[in-house]
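Below is one structure, written out as structure tokens; comments come after it.
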Amino acid sequence: LASSLALAAFLSIRLRSHSDQQKKIEEAYWDKERKANFVRKKSLDDLAYITIPESILSMSPVHITPAIESYLQDLRALSKVPIVNLTGISNTDLKLTYGTANITILSDYDFHYTNLVTVLQKLAQNLADAGETALAIEVLEFAVSTGTDVSKTYYLLASLYQETNTPEKIAFLIQRAESIHSI
């Protein structure tokens, strides 16, 4: 009976402590969110805008398929809109940095980025499947340079490096992948 009471008291104290910690975390979050909602609109000039290379936009694969052509058209359309990788940055932090009035446009920029890395992955896979290895590598290397977190991109690029007898490039690829996951 005494050990049961002691265990119950211990659990009660632990639960209260955890509840207090959770409450402090929530209060800090809502305080930060409250402050973020009053930040004035700021310039977006310092954002790392992504430009799709002309070599990708104008590529002409020998073995072009309707899917490859469609993905190239998607990239041409994306090249006309602002693209920014905001992966891992909360809306609250974006509002604190750039102002509440910019949150919609920043969401659009990030949506464009998500579309970009999705299209790049699909394009590269189709290029690789069509035997256009060099073009697939070019597309994948560009995707990696933007900070994509699409794991298929890294795996496909590593396999193409193996296939083209350039395994020394895989070490750099691993570093890039690890830096993405450490953010």
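Following the order of the structure tokens, first chain is A, next is B, and so on, with residues numbered from 1 inside each chain and ligands from 1 in the order they appear.
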
Members of chain A assigned helix (DSSP H, G or I) by DSSP, as an NGL selection string: :A and (2-36 or 54-57 or 66-78 or 91-98 or 100-129 or 133-145 or 151-163 or 168-181)

Write out as a PyMOL selection string the residues lying within 10 Å of Leu135 (chain A), counting only C-alpha atoms and excluding same-chain residues fewer than 5 positions away. chain A and resi 55-56+59-61+123-124+127-128+140-141

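Between CA of Asn126 (chain A) and CA of Lys169 (chain A) lies a distance of 21.8 Å.
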
Exercise: Asp110 (chain A) partners within 9 Å, only C-alpha atoms, chain neighbours under 5 positions left out, as a ChimeraX atom specification: /A:82-87,105,115

Go ahead and write the selection's residues with N, CA and C atoms as an mmCIF file, in the first residue's frame.
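Result file follows (selection-v2.cif):
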data_model
loop_
_atom_site.group_PDB
_atom_site.id
_atom_site.type_symbol
_atom_site.label_atom_id
_atom_site.label_comp_id
_atom_site.auth_asym_id
_atom_site.auth_seq_id
_atom_site.Cartn_x
_atom_site.Cartn_y
_atom_site.Cartn_z
ATOM 1 N N PRO A 82 8.071 33.987 -58.809
ATOM 2 C CA PRO A 82 9.100 33.962 -57.756
ATOM 3 C C PRO A 82 9.078 32.624 -57.018
ATOM 4 N N ILE A 83 10.254 32.069 -56.821
ATOM 5 C CA ILE A 83 10.400 30.780 -56.145
ATOM 6 C C ILE A 83 11.415 30.948 -55.012
ATOM 7 N N VAL A 84 11.025 30.539 -53.811
ATOM 8 C CA VAL A 84 11.913 30.615 -52.652
ATOM 9 C C VAL A 84 11.712 29.365 -51.804
ATOM 10 N N ASN A 85 12.818 28.776 -51.384
ATOM 11 C CA ASN A 85 12.762 27.613 -50.498
ATOM 12 C C ASN A 85 12.627 28.111 -49.061
ATOM 13 N N LEU A 86 11.452 27.960 -48.506
ATOM 14 C CA LEU A 86 11.201 28.362 -47.119
ATOM 15 C C LEU A 86 10.958 27.146 -46.227
ATOM 16 N N THR A 87 11.395 25.993 -46.687
ATOM 17 C CA THR A 87 11.221 24.746 -45.950
ATOM 18 C C THR A 87 11.848 24.875 -44.560
ATOM 19 N N ILE A 105 2.051 36.058 -49.713
ATOM 20 C CA ILE A 105 2.988 36.019 -50.849
ATOM 21 C C ILE A 105 4.140 35.056 -50.562
ATOM 22 N N ASN A 115 6.373 22.909 -55.844
ATOM 23 C CA ASN A 115 6.075 22.466 -57.211
ATOM 24 C C ASN A 115 7.360 22.251 -58.005
#

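By chain and then residue number, the residues within 8 Å of Val144 (chain A) are Leu140, Thr148, Thr153, Tyr154 and Arg176 of chain A, counting only C-alpha atoms and disregarding those fewer than 4 positions away in sequence.
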
Tell me which protein, DNA and RNA residues are within 7 Å of Val117 (chain A), counting only C-alpha atoms, leaving out same-chain ones fewer than 4 positions away, and put them as a PyMOL selection string. chain A and resi 113+121+143+148

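Residue neighbourhood of Phe172 (chain A), excluding near-sequence residues (fewer than 4 positions): Glu141, Val144, Ser145, Tyr154, Leu157, Ala158, Tyr161, Thr166, Pro167, Glu168, Arg176, Ala177, Glu178 and Ser179 of chain A, at 12 Å, using only C-alpha atoms.
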
The selected residues should be written to file as a short mmCIF file (atom, residue, chain, number, x, y, z; two decimals), in the first residue's frame (atoms: all heavy atoms).
data_model
loop_
_atom_site.label_atom_id
_atom_site.label_comp_id
_atom_site.auth_asym_id
_atom_site.auth_seq_id
_atom_site.Cartn_x
_atom_site.Cartn_y
_atom_site.Cartn_z
N GLU A 141 21.17 17.70 -60.03
CA GLU A 141 22.16 18.56 -59.37
C GLU A 141 21.59 19.95 -59.11
O GLU A 141 21.86 20.55 -58.06
CB GLU A 141 23.45 18.64 -60.21
CG GLU A 141 24.26 17.38 -60.16
CD GLU A 141 25.50 17.39 -61.03
OE1 GLU A 141 25.58 18.20 -61.99
OE2 GLU A 141 26.41 16.56 -60.77
N VAL A 144 19.29 19.59 -56.07
CA VAL A 144 20.09 19.52 -54.84
C VAL A 144 20.63 20.91 -54.47
O VAL A 144 20.63 21.29 -53.30
CB VAL A 144 21.23 18.49 -54.99
CG1 VAL A 144 22.24 18.61 -53.85
CG2 VAL A 144 20.66 17.08 -55.05
N SER A 145 21.03 21.68 -55.46
CA SER A 145 21.58 23.02 -55.19
C SER A 145 20.54 23.96 -54.57
O SER A 145 20.89 24.92 -53.91
CB SER A 145 22.15 23.65 -56.46
OG SER A 145 21.11 24.13 -57.31
N TYR A 154 18.03 12.50 -54.11
CA TYR A 154 19.37 12.12 -53.68
C TYR A 154 19.69 10.67 -54.08
O TYR A 154 20.79 10.38 -54.53
CB TYR A 154 19.52 12.32 -52.17
CG TYR A 154 19.47 13.79 -51.79
CD1 TYR A 154 18.27 14.43 -51.51
CD2 TYR A 154 20.64 14.54 -51.74
CE1 TYR A 154 18.23 15.77 -51.18
CE2 TYR A 154 20.61 15.88 -51.41
CZ TYR A 154 19.40 16.49 -51.13
OH TYR A 154 19.37 17.82 -50.82
N LEU A 157 20.16 10.48 -57.92
CA LEU A 157 21.43 11.09 -58.31
C LEU A 157 22.61 10.21 -57.91
O LEU A 157 23.54 10.02 -58.70
CB LEU A 157 21.57 12.49 -57.71
CG LEU A 157 22.78 13.32 -58.14
CD1 LEU A 157 22.90 13.41 -59.66
CD2 LEU A 157 22.71 14.71 -57.52
N ALA A 158 22.57 9.63 -56.73
CA ALA A 158 23.64 8.73 -56.30
C ALA A 158 23.74 7.53 -57.23
O ALA A 158 24.85 7.12 -57.61
CB ALA A 158 23.41 8.27 -54.86
N TYR A 161 25.33 8.64 -60.44
CA TYR A 161 26.78 8.83 -60.26
C TYR A 161 27.49 7.47 -60.32
O TYR A 161 28.55 7.35 -60.92
CB TYR A 161 27.08 9.51 -58.92
CG TYR A 161 26.83 11.00 -58.88
CD1 TYR A 161 26.61 11.64 -57.67
CD2 TYR A 161 26.85 11.79 -60.03
CE1 TYR A 161 26.40 13.02 -57.61
CE2 TYR A 161 26.64 13.16 -59.98
CZ TYR A 161 26.41 13.76 -58.76
OH TYR A 161 26.23 15.12 -58.70
N THR A 166 31.24 7.96 -61.48
CA THR A 166 31.68 9.15 -60.74
C THR A 166 31.26 9.03 -59.27
O THR A 166 30.62 9.93 -58.73
CB THR A 166 31.11 10.44 -61.38
OG1 THR A 166 29.68 10.31 -61.47
CG2 THR A 166 31.71 10.72 -62.73
N PRO A 167 31.63 7.91 -58.63
CA PRO A 167 31.19 7.71 -57.25
C PRO A 167 31.79 8.72 -56.27
O PRO A 167 31.26 8.90 -55.18
CB PRO A 167 31.65 6.28 -56.93
CG PRO A 167 32.80 6.05 -57.85
CD PRO A 167 32.46 6.81 -59.11
N GLU A 168 32.87 9.39 -56.67
CA GLU A 168 33.47 10.38 -55.78
C GLU A 168 32.52 11.55 -55.50
O GLU A 168 32.65 12.24 -54.50
CB GLU A 168 34.80 10.90 -56.38
CG GLU A 168 34.67 11.72 -57.66
CD GLU A 168 34.53 10.90 -58.94
OE1 GLU A 168 34.53 9.65 -58.88
OE2 GLU A 168 34.42 11.52 -60.00
N ARG A 176 25.43 17.16 -48.51
CA ARG A 176 24.28 18.03 -48.78
C ARG A 176 23.02 17.48 -48.12
O ARG A 176 22.26 18.22 -47.51
CB ARG A 176 24.03 18.16 -50.29
CG ARG A 176 24.98 19.04 -51.04
CD ARG A 176 24.96 20.48 -50.56
NE ARG A 176 23.66 21.10 -50.68
CZ ARG A 176 23.40 22.22 -51.31
NH1 ARG A 176 24.36 22.86 -51.91
NH2 ARG A 176 22.18 22.71 -51.33
N ALA A 177 22.82 16.19 -48.24
CA ALA A 177 21.62 15.57 -47.64
C ALA A 177 21.64 15.71 -46.12
O ALA A 177 20.62 16.01 -45.51
CB ALA A 177 21.54 14.10 -48.06
N GLU A 178 22.80 15.51 -45.53
CA GLU A 178 22.90 15.64 -44.07
C GLU A 178 22.67 17.08 -43.63
O GLU A 178 22.08 17.32 -42.58
CB GLU A 178 24.27 15.12 -43.60
CG GLU A 178 24.37 13.62 -43.65
CD GLU A 178 25.77 13.09 -43.33
OE1 GLU A 178 26.73 13.89 -43.30
OE2 GLU A 178 25.86 11.87 -43.11
N SER A 179 23.15 18.05 -44.42
CA SER A 179 22.96 19.45 -44.04
C SER A 179 21.48 19.83 -44.11
O SER A 179 21.02 20.65 -43.35
CB SER A 179 23.79 20.38 -44.92
OG SER A 179 23.28 20.44 -46.23
#

Identify which of the residues A:Asp93, A:Asp129, A:Asp108, A:Asp45 lies closest to Ala67 (chain A), counting only C-alpha atoms when measuring atom-to-atom distances. A:Asp129

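Shortest atom-to-atom contact with Leu44 (chain A) among A:Ser19, A:Thr97, A:Gln125, A:Ser159: A:Thr97, counting only C-alpha atoms.
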
For a quick check of understanding, using only C-alpha atoms, which of A:Ser17, A:Thr164, A:Asn102, A:Ser79 has the smallest distance to Thr51 (chain A)? A:Ser79

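Proximity to Thr146 (chain A) was assessed for A:Leu75, A:Leu94, A:Ala8, A:Ile50 counting only C-alpha atoms; the smallest distance is recorded for A:Ile50.
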
Would you pick out the contacts of Ala77 (chain A) at 12 Å or less, using only C-alpha atoms, so that residues sharing its chain but fewer than 5 positions from it are not included, and give the list as a PyMOL selection string? chain A and resi 52+57+70-72+82-83+112+115-116+119

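Interatomic distance, CA of Val81 (chain A) to CA of Asp149 (chain A): 20.9 Å.
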
Please report the interatomic distance between CA of Ser90 (chain A) and CA of Lys23 (chain A) in Å with one decimal. 20.0 Å
